[in-house]
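K.L.:
My structure file upload_34.pdb, PDB, C-alpha atoms, pLDDT in the B column, is below:
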ATOM      1  CA  MET D   1      38.155 -54.432  60.463  1.00 30.00           C
ATOM      2  CA  ALA D   2      37.539 -52.909  63.857  1.00 28.00           C
ATOM      3  CA  GLY D   3      36.532 -49.271  63.724  1.00 27.00           C
ATOM      4  CA  PHE D   4      34.984 -49.271  60.248  1.00 27.00           C
ATOM      5  CA  ARG D   5      31.941 -47.052  59.865  1.00 27.00           C
ATOM      6  CA  ASN D   6      29.907 -45.935  56.915  1.00 30.00           C
ATOM      7  CA  LYS D   7      30.992 -42.585  55.406  1.00 31.00           C
ATOM      8  CA  LYS D   8      28.357 -42.377  52.706  1.00 33.00           C
ATOM      9  CA  ASP D   9      27.999 -38.613  53.083  1.00 30.00           C
ATOM     10  CA  LEU D  10      31.724 -37.907  52.767  1.00 32.00           C
ATOM     11  CA  VAL D  11      31.609 -37.483  48.980  1.00 33.00           C
ATOM     12  CA  PRO D  12      28.004 -36.707  47.996  1.00 29.00           C
ATOM     13  CA  THR D  13      28.666 -36.913  44.240  1.00 30.00           C
ATOM     14  CA  ARG D  14      30.235 -40.376  44.355  1.00 34.00           C
ATOM     15  CA  ARG D  15      28.460 -43.192  42.492  1.00 30.00           C
ATOM     16  CA  ALA D  16      25.974 -44.920  44.754  1.00 25.00           C
ATOM     17  CA  ALA D  17      27.658 -48.293  44.230  1.00 25.00           C
ATOM     18  CA  LEU D  18      30.870 -47.106  45.891  1.00 32.00           C
ATOM     19  CA  THR D  19      31.540 -46.877  49.614  1.00 37.00           C
ATOM     20  CA  LEU D  20      34.115 -45.050  51.658  1.00 39.00           C
ATOM     21  CA  ILE D  21      34.911 -46.574  55.000  1.00 37.00           C
ATOM     22  CA  GLY D  22      37.081 -45.449  57.900  1.00 37.00           C
ATOM     23  CA  ALA D  23      40.251 -47.560  58.091  1.00 35.00           C
ATOM     24  CA  GLY D  24      41.357 -47.323  61.704  1.00 36.00           C
ATOM     25  CA  ALA D  25      44.540 -45.442  62.497  1.00 33.00           C
ATOM     26  CA  LEU D  26      46.204 -45.944  59.131  1.00 37.00           C
ATOM     27  CA  ALA D  27      47.670 -42.443  58.898  1.00 31.00           C
ATOM     28  CA  THR D  28      48.535 -41.958  62.544  1.00 29.00           C
ATOM     29  CA  GLY D  29      49.783 -45.256  63.918  1.00 31.00           C
ATOM     30  CA  ALA D  30      49.643 -49.023  63.670  1.00 27.00           C
ATOM     31  CA  ILE D  31      46.710 -50.277  61.624  1.00 33.00           C
ATOM     32  CA  THR D  32      44.183 -52.447  63.386  1.00 35.00           C
ATOM     33  CA  SER D  33      44.328 -55.751  61.571  1.00 31.00           C
ATOM     34  CA  ALA D  34      41.218 -57.386  60.222  1.00 33.00           C
ATOM     35  CA  LEU D  35      42.976 -60.671  60.930  1.00 32.00           C
ATOM     36  CA  ALA D  36      44.077 -59.946  64.502  1.00 36.00           C
ATOM     37  CA  ALA D  37      41.658 -62.487  65.915  1.00 33.00           C
ATOM     38  CA  ALA D  38      43.304 -65.117  63.749  1.00 32.00           C
ATOM     39  CA  GLY D  39      46.731 -64.191  65.048  1.00 36.00           C
ATOM     40  CA  GLU D  40      47.794 -62.534  61.776  1.00 44.00           C
ATOM     41  CA  ASP D  41      48.036 -58.969  63.087  1.00 49.00           C
ATOM     42  CA  GLU D  42      51.223 -58.253  61.128  1.00 64.00           C
ATOM     43  CA  VAL D  43      49.399 -58.132  57.780  1.00 71.00           C
ATOM     44  CA  LEU D  44      48.137 -54.553  58.105  1.00 77.00           C
ATOM     45  CA  THR D  45      50.824 -52.761  60.053  1.00 78.00           C
ATOM     46  CA  GLU D  46      51.472 -49.209  58.917  1.00 78.00           C
ATOM     47  CA  THR D  47      55.000 -50.184  57.873  1.00 77.00           C
ATOM     48  CA  ARG D  48      53.834 -53.043  55.651  1.00 83.00           C
ATOM     49  CA  VAL D  49      51.032 -51.092  53.990  1.00 90.00           C
ATOM     50  CA  LEU D  50      52.630 -47.657  53.628  1.00 90.00           C
ATOM     51  CA  ARG D  51      56.393 -48.184  53.917  1.00 91.00           C
ATOM     52  CA  ASP D  52      57.213 -51.538  52.359  1.00 94.00           C
ATOM     53  CA  PRO D  53      60.649 -50.807  50.858  1.00 94.00           C
ATOM     54  CA  ASP D  54      59.972 -53.161  47.932  1.00 96.00           C
ATOM     55  CA  THR D  55      56.798 -51.333  46.862  1.00 97.00           C
ATOM     56  CA  PRO D  56      57.175 -48.665  44.157  1.00 98.00           C
ATOM     57  CA  VAL D  57      56.132 -45.122  45.045  1.00 98.00           C
ATOM     58  CA  ALA D  58      55.102 -42.221  42.770  1.00 97.00           C
ATOM     59  CA  GLY D  59      54.115 -38.635  43.431  1.00 97.00           C
ATOM     60  CA  ASN D  60      55.843 -36.856  46.305  1.00 97.00           C
ATOM     61  CA  PRO D  61      57.793 -39.403  48.395  1.00 95.00           C
ATOM     62  CA  ASP D  62      57.672 -36.937  51.314  1.00 95.00           C
ATOM     63  CA  GLY D  63      53.995 -36.108  50.873  1.00 96.00           C
ATOM     64  CA  ASN D  64      51.782 -35.467  53.885  1.00 95.00           C
ATOM     65  CA  ILE D  65      49.087 -37.915  52.780  1.00 95.00           C
ATOM     66  CA  SER D  66      49.376 -41.368  51.216  1.00 95.00           C
ATOM     67  CA  ILE D  67      47.202 -42.979  48.583  1.00 96.00           C
ATOM     68  CA  VAL D  68      47.732 -46.719  48.355  1.00 96.00           C
ATOM     69  CA  GLU D  69      46.459 -48.266  45.113  1.00 97.00           C
ATOM     70  CA  TRP D  70      45.917 -51.970  44.424  1.00 98.00           C
ATOM     71  CA  SER D  71      45.709 -52.503  40.653  1.00 98.00           C
ATOM     72  CA  ASP D  72      45.865 -55.110  37.890  1.00 98.00           C
ATOM     73  CA  TYR D  73      47.360 -54.392  34.455  1.00 98.00           C
ATOM     74  CA  ASN D  74      44.459 -56.120  32.713  1.00 97.00           C
ATOM     75  CA  CYS D  75      41.837 -54.156  34.663  1.00 97.00           C
ATOM     76  CA  PRO D  76      40.051 -51.714  32.291  1.00 96.00           C
ATOM     77  CA  TYR D  77      38.913 -49.559  35.224  1.00 95.00           C
ATOM     78  CA  CYS D  78      42.515 -49.222  36.443  1.00 96.00           C
ATOM     79  CA  ARG D  79      43.578 -48.115  32.968  1.00 96.00           C
ATOM     80  CA  LYS D  80      40.749 -45.607  32.677  1.00 95.00           C
ATOM     81  CA  LEU D  81      41.492 -44.139  36.098  1.00 95.00           C
ATOM     82  CA  GLU D  82      45.280 -43.998  35.762  1.00 95.00           C
ATOM     83  CA  PRO D  83      45.686 -40.634  33.982  1.00 95.00           C
ATOM     84  CA  GLU D  84      43.114 -38.939  36.200  1.00 94.00           C
ATOM     85  CA  LEU D  85      44.685 -40.236  39.403  1.00 95.00           C
ATOM     86  CA  ARG D  86      48.151 -39.167  38.264  1.00 95.00           C
ATOM     87  CA  GLN D  87      46.793 -35.713  37.426  1.00 96.00           C
ATOM     88  CA  VAL D  88      45.278 -35.366  40.898  1.00 96.00           C
ATOM     89  CA  VAL D  89      48.573 -36.447  42.499  1.00 97.00           C
ATOM     90  CA  GLN D  90      50.550 -34.034  40.332  1.00 97.00           C
ATOM     91  CA  ASP D  91      48.192 -31.104  40.897  1.00 97.00           C
ATOM     92  CA  ASP D  92      48.150 -31.641  44.658  1.00 97.00           C
ATOM     93  CA  GLY D  93      51.921 -31.916  44.978  1.00 98.00           C
ATOM     94  CA  LYS D  94      51.836 -33.391  48.486  1.00 97.00           C
ATOM     95  CA  VAL D  95      50.479 -36.877  47.825  1.00 97.00           C
ATOM     96  CA  ARG D  96      52.592 -40.002  48.131  1.00 97.00           C
ATOM     97  CA  LEU D  97      51.207 -42.685  45.771  1.00 98.00           C
ATOM     98  CA  VAL D  98      52.009 -46.236  46.899  1.00 97.00           C
ATOM     99  CA  MET D  99      51.589 -48.690  44.024  1.00 98.00           C
ATOM    100  CA  LYS D 100      50.524 -52.217  44.980  1.00 98.00           C
ATOM    101  CA  ASP D 101      50.470 -54.703  42.115  1.00 98.00           C
ATOM    102  CA  TRP D 102      47.525 -57.049  42.729  1.00 98.00           C
ATOM    103  CA  PRO D 103      47.234 -59.457  39.766  1.00 98.00           C
ATOM    104  CA  ILE D 104      43.832 -61.100  40.222  1.00 97.00           C
ATOM    105  CA  LEU D 105      42.575 -61.343  36.631  1.00 97.00           C
ATOM    106  CA  GLY D 106      44.444 -64.427  35.495  1.00 97.00           C
ATOM    107  CA  PRO D 107      47.907 -65.779  34.715  1.00 98.00           C
ATOM    108  CA  VAL D 108      48.815 -62.990  32.290  1.00 98.00           C
ATOM    109  CA  SER D 109      48.102 -60.441  35.008  1.00 98.00           C
ATOM    110  CA  VAL D 110      50.553 -62.285  37.258  1.00 98.00           C
ATOM    111  CA  THR D 111      53.138 -62.284  34.470  1.00 98.00           C
ATOM    112  CA  ALA D 112      52.636 -58.547  33.909  1.00 98.00           C
ATOM    113  CA  ALA D 113      53.006 -57.733  37.609  1.00 98.00           C
ATOM    114  CA  ARG D 114      56.133 -59.877  37.986  1.00 98.00           C
ATOM    115  CA  ILE D 115      57.707 -58.278  34.911  1.00 98.00           C
ATOM    116  CA  ALA D 116      56.901 -54.742  36.078  1.00 98.00           C
ATOM    117  CA  LEU D 117      58.442 -55.437  39.476  1.00 98.00           C
ATOM    118  CA  ALA D 118      61.490 -57.010  37.852  1.00 98.00           C
ATOM    119  CA  ALA D 119      61.932 -53.818  35.832  1.00 98.00           C
ATOM    120  CA  LYS D 120      62.308 -51.997  39.160  1.00 98.00           C
ATOM    121  CA  TYR D 121      65.804 -53.446  39.480  1.00 98.00           C
ATOM    122  CA  GLN D 122      66.886 -51.368  36.486  1.00 98.00           C
ATOM    123  CA  ASP D 123      64.868 -48.338  37.664  1.00 98.00           C
ATOM    124  CA  LYS D 124      62.279 -48.900  34.943  1.00 98.00           C
ATOM    125  CA  TYR D 125      59.238 -49.905  36.992  1.00 98.00           C
ATOM    126  CA  HIS D 126      57.342 -46.720  36.202  1.00 98.00           C
ATOM    127  CA  LYS D 127      58.104 -46.991  32.490  1.00 98.00           C
ATOM    128  CA  ALA D 128      56.882 -50.593  32.506  1.00 98.00           C
ATOM    129  CA  HIS D 129      53.794 -49.669  34.529  1.00 98.00           C
ATOM    130  CA  ASP D 130      52.873 -46.765  32.259  1.00 98.00           C
ATOM    131  CA  ALA D 131      53.431 -48.831  29.100  1.00 98.00           C
ATOM    132  CA  MET D 132      51.071 -51.600  30.241  1.00 98.00           C
ATOM    133  CA  MET D 133      48.457 -49.252  31.689  1.00 98.00           C
ATOM    134  CA  GLY D 134      48.482 -47.178  28.517  1.00 97.00           C
ATOM    135  CA  VAL D 135      46.956 -49.800  26.211  1.00 96.00           C
ATOM    136  CA  SER D 136      43.276 -50.522  25.643  1.00 93.00           C
ATOM    137  CA  SER D 137      43.436 -54.182  24.634  1.00 92.00           C
ATOM    138  CA  ARG D 138      43.912 -57.187  26.891  1.00 94.00           C
ATOM    139  CA  LEU D 139      47.547 -58.004  27.487  1.00 97.00           C
ATOM    140  CA  THR D 140      49.345 -61.124  26.338  1.00 97.00           C
ATOM    141  CA  GLU D 141      52.895 -62.103  27.208  1.00 96.00           C
ATOM    142  CA  PRO D 142      54.243 -61.268  23.708  1.00 97.00           C
ATOM    143  CA  ARG D 143      52.461 -57.912  23.862  1.00 97.00           C
ATOM    144  CA  ILE D 144      53.938 -57.199  27.299  1.00 98.00           C
ATOM    145  CA  ASN D 145      57.445 -57.881  26.011  1.00 97.00           C
ATOM    146  CA  GLU D 146      56.816 -55.657  22.986  1.00 98.00           C
ATOM    147  CA  LEU D 147      55.521 -52.786  25.130  1.00 98.00           C
ATOM    148  CA  LEU D 148      58.388 -52.906  27.600  1.00 98.00           C
ATOM    149  CA  ALA D 149      61.060 -53.124  24.921  1.00 98.00           C
ATOM    150  CA  ALA D 150      59.522 -50.077  23.232  1.00 98.00           C
ATOM    151  CA  ALA D 151      59.564 -48.277  26.602  1.00 98.00           C
ATOM    152  CA  GLY D 152      63.316 -48.724  26.890  1.00 98.00           C
ATOM    153  CA  VAL D 153      63.443 -51.667  29.277  1.00 98.00           C
ATOM    154  CA  ASP D 154      66.541 -53.835  28.886  1.00 98.00           C
ATOM    155  CA  MET D 155      64.846 -57.175  28.209  1.00 98.00           C
ATOM    156  CA  ASP D 156      67.970 -59.292  28.753  1.00 98.00           C
ATOM    157  CA  ARG D 157      68.516 -57.638  32.123  1.00 98.00           C
ATOM    158  CA  LEU D 158      64.814 -58.118  32.878  1.00 98.00           C
ATOM    159  CA  LYS D 159      65.051 -61.878  32.344  1.00 97.00           C
ATOM    160  CA  ARG D 160      68.061 -62.096  34.644  1.00 98.00           C
ATOM    161  CA  ASP D 161      66.311 -60.077  37.329  1.00 98.00           C
ATOM    162  CA  LEU D 162      63.199 -62.248  37.079  1.00 98.00           C
ATOM    163  CA  THR D 163      65.412 -65.228  37.808  1.00 97.00           C
ATOM    164  CA  ASP D 164      67.598 -63.624  40.466  1.00 98.00           C
ATOM    165  CA  HIS D 165      64.806 -61.790  42.313  1.00 98.00           C
ATOM    166  CA  GLY D 166      61.812 -64.013  41.535  1.00 98.00           C
ATOM    167  CA  SER D 167      61.303 -65.138  45.121  1.00 98.00           C
ATOM    168  CA  ASP D 168      61.373 -61.538  46.403  1.00 98.00           C
ATOM    169  CA  ILE D 169      58.875 -60.463  43.731  1.00 98.00           C
ATOM    170  CA  ASP D 170      56.528 -63.333  44.568  1.00 98.00           C
ATOM    171  CA  ALA D 171      56.793 -62.537  48.281  1.00 97.00           C
ATOM    172  CA  LEU D 172      55.805 -58.912  47.593  1.00 97.00           C
ATOM    173  CA  LEU D 173      52.814 -59.971  45.512  1.00 98.00           C
ATOM    174  CA  LYS D 174      51.776 -62.294  48.325  1.00 96.00           C
ATOM    175  CA  ARG D 175      51.957 -59.414  50.837  1.00 96.00           C
ATOM    176  CA  ASN D 176      49.924 -57.191  48.512  1.00 96.00           C
ATOM    177  CA  ASN D 177      47.261 -59.886  48.190  1.00 96.00           C
ATOM    178  CA  GLU D 178      47.098 -60.529  51.943  1.00 94.00           C
ATOM    179  CA  GLN D 179      46.638 -56.821  52.623  1.00 93.00           C
ATOM    180  CA  ALA D 180      43.930 -56.434  49.988  1.00 94.00           C
ATOM    181  CA  GLU D 181      42.029 -59.407  51.389  1.00 92.00           C
ATOM    182  CA  ALA D 182      42.432 -58.161  54.963  1.00 90.00           C
ATOM    183  CA  PHE D 183      40.967 -54.800  53.978  1.00 89.00           C
ATOM    184  CA  GLY D 184      38.045 -56.654  52.398  1.00 90.00           C
ATOM    185  CA  PHE D 185      38.679 -55.500  48.839  1.00 93.00           C
ATOM    186  CA  ARG D 186      36.818 -57.411  46.142  1.00 93.00           C
ATOM    187  CA  GLY D 187      38.458 -56.127  42.967  1.00 95.00           C
ATOM    188  CA  THR D 188      40.643 -53.572  41.285  1.00 96.00           C
ATOM    189  CA  PRO D 189      41.219 -50.727  41.574  1.00 96.00           C
ATOM    190  CA  SER D 190      40.996 -50.347  45.343  1.00 95.00           C
ATOM    191  CA  PHE D 191      42.517 -47.635  47.493  1.00 95.00           C
ATOM    192  CA  ILE D 192      43.475 -46.450  50.927  1.00 93.00           C
ATOM    193  CA  VAL D 193      43.446 -42.641  51.117  1.00 92.00           C
ATOM    194  CA  GLY D 194      44.824 -41.470  54.423  1.00 89.00           C
ATOM    195  CA  LYS D 195      42.505 -43.074  56.986  1.00 85.00           C
ATOM    196  CA  TYR D 196      39.879 -44.129  54.482  1.00 89.00           C
ATOM    197  CA  ARG D 197      39.252 -47.264  52.476  1.00 90.00           C
ATOM    198  CA  VAL D 198      37.995 -46.674  48.911  1.00 89.00           C
ATOM    199  CA  PRO D 199      36.977 -49.905  47.182  1.00 86.00           C
ATOM    200  CA  GLY D 200      36.317 -48.655  43.677  1.00 86.00           C
ATOM    201  CA  VAL D 201      36.699 -45.926  41.088  1.00 88.00           C
ATOM    202  CA  LEU D 202      36.387 -42.231  41.898  1.00 90.00           C
ATOM    203  CA  SER D 203      36.377 -39.175  39.639  1.00 90.00           C
ATOM    204  CA  MET D 204      39.090 -36.528  39.876  1.00 92.00           C
ATOM    205  CA  ASN D 205      36.804 -34.267  41.902  1.00 93.00           C
ATOM    206  CA  GLU D 206      35.922 -37.106  44.238  1.00 93.00           C
ATOM    207  CA  PHE D 207      39.576 -37.994  44.765  1.00 93.00           C
ATOM    208  CA  GLU D 208      40.339 -34.370  45.551  1.00 94.00           C
ATOM    209  CA  GLN D 209      37.526 -34.323  48.111  1.00 93.00           C
ATOM    210  CA  VAL D 210      38.642 -37.581  49.732  1.00 93.00           C
ATOM    211  CA  ILE D 211      42.238 -36.298  49.957  1.00 95.00           C
ATOM    212  CA  ALA D 212      41.008 -33.105  51.617  1.00 94.00           C
ATOM    213  CA  ASP D 213      38.909 -35.106  54.088  1.00 92.00           C
ATOM    214  CA  ALA D 214      41.833 -37.441  54.791  1.00 91.00           C
ATOM    215  CA  ARG D 215      44.028 -34.468  55.636  1.00 93.00           C
ATOM    216  CA  LYS D 216      41.408 -33.114  58.028  1.00 90.00           C
ATOM    217  CA  ALA D 217      41.056 -36.535  59.669  1.00 87.00           C
ATOM    218  CA  LYS D 218      44.832 -36.767  60.069  1.00 82.00           C
ATOM    219  CA  MET D 219      44.803 -33.579  62.156  1.00 78.00           C
ATOM    220  CA  ASN D 220      42.067 -34.809  64.478  1.00 68.00           C
TER
END
How would this structure read if it were set down as structure tokens?

P.N.:
Amino acid sequence: MAGFRNKKDLVPTRRAALTLIGAGALATGAITSALAAAGEDEVLTETRVLRDPDTPVAGNPDGNISIVEWSDYNCPYCRKLEPELRQVVQDDGKVRLVMKDWPILGPVSVTAARIALAAKYQDKYHKAHDAMMGVSSRLTEPRINELLAAAGVDMDRLKRDLTDHGSDIDALLKRNNEQAEAFGFRGTPSFIVGKYRVPGVLSMNEFEQVIADARKAKMN
């Protein structure tokens, strides 16, 4: 992506394997697309990445900084990070968390993502998301159904919504995947924090530092 530069010194305590890279004008205007040369410059517009109306949002919907997370329900790193990220978002109070389902770890991951997004039509996406992220074992389809039923999801309604809205759900997952690939992400979890690209796991302290730096960058 045009405009990327190494920000290795931004978070000195971050694990050496992780990188934090400037992501163009993500927080202040249209995003420069990594695919512009190929004529696919609509993939990374600010509206598609930050304001896709079909993408679930947590935290403060009117927050002054956005964190965009690409995650997979069978990703152990996503599960480990989830409570810490939510705590950072809650403690800050002004973070808008954009939740991009990116099922890249096999067919069951795709099933889990489709089911979670179908639960959105009965306002149960977050319950479905939390139920599947809250387990330590690898998911199976029977286990997914068990978890969601226990979380209060109407399973009959869910099946109908999977049928009625399946094409919309698949289109959203396709957009999520195209964006992740355009940003150059290689796995889950991956993040955009304000103007910065964070391909990997951060600690709570590191997230707090990146959020602070993103706010400063937004004002410049």

K.L.:
Grab the CA of Trp70 in chain D to CA of Lys100 in chain D distance for me, in Å with one decimal place.

P.N.:
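CA of Trp70 in chain D sits 4.6 Å away from CA of Lys100 in chain D.
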
K.L.:
Please expand the PyMOL selection byres ((chain D and resi 47-57) around 6) into the concrete residues it hits in this file, giving the result as a list in words.

P.N.:
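Expected selection for the PyMOL selection byres ((chain D and resi 47-57) around 6) here is Thr45, Glu46, Ala58, Leu97, Val98 and Met99 of chain D.
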
K.L.:
Name the closest residue to Val43 in chain D among the candidates D:Asn60, D:Asn177, D:Thr140, D:Ser167; distances are taken between atoms, counting all atoms listed in the file.

P.N.:
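Closest residue, counting all atoms listed in the file: D:Asn177.
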
K.L.:
Residues near Ala116 in chain D, anyone? I mean within 7 Å using all atoms listed in the file, not counting same-chain ones fewer than 6 positions away, as a PyMOL selection string.

P.N.:
chain D and resi 125+128-129

K.L.:
Those same residues, written as a short mmCIF file (atom, residue, chain, number, x, y, z; two decimals), in the coordinates of the input with C-alpha atoms?

P.N.:
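Dumped everything to part02.cif:
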data_model
loop_
_atom_site.label_atom_id
_atom_site.label_comp_id
_atom_site.auth_asym_id
_atom_site.auth_seq_id
_atom_site.Cartn_x
_atom_site.Cartn_y
_atom_site.Cartn_z
CA TYR D 125 59.24 -49.90 36.99
CA ALA D 128 56.88 -50.59 32.51
CA HIS D 129 53.79 -49.67 34.53
#

K.L.:
What does the distance between CA of Pro61 in chain D and CA of Arg96 in chain D come to in Å, to one decimal place?

P.N.:
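Spanning CA of Pro61 in chain D to CA of Arg96 in chain D is a straight-line distance of 5.2 Å.
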
K.L.:
Would you translate the PyMOL selection byres ((chain D and resi 134) around 9) into the concrete set of residues it matches in this file, as JSON, numbers by chain?

P.N.:
{"D": [79, 80, 82, 83, 129, 130, 131, 132, 133, 135, 136]}

K.L.:
When the PyMOL selection byres ((chain D and resi 180) around 10) is applied to the file above, which residues end up in the set, as a PyMOL selection string?

P.N.:
chain D and resi 43-44+49+69-70+100+102+174-179+181-188+190-191+199

K.L.:
So, counting only C-alpha atoms, which residue among D:Met155, D:Ala212, D:Ala112, D:Leu81 is closest to Glu141 in chain D?

P.N.:
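That would be D:Ala112, the residue with the smallest distance to Glu141 in chain D.
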
K.L.:
How many Å lie between CA of Leu85 in chain D and CA of Ile211 in chain D, rounded to one decimal?

P.N.:
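Rounded to one decimal, the two atoms are 11.5 Å apart.
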
K.L.:
For Leu202 in chain D, which residue out of D:Cys75, D:Leu172, D:Val88, D:Ala217 is the nearest one, using all atoms listed in the file?

P.N.:
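Answer, going by the shortest atom-to-atom distance: D:Val88.
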
K.L.:
Ranking D:Val89, D:Asn74, D:Val201, D:Glu208 by minimum distance to Pro107 in chain D and counting all atoms listed in the file, which one comes first?

P.N.:
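Checking each candidate against Pro107 in chain D, we get D:Asn74 as the closest.
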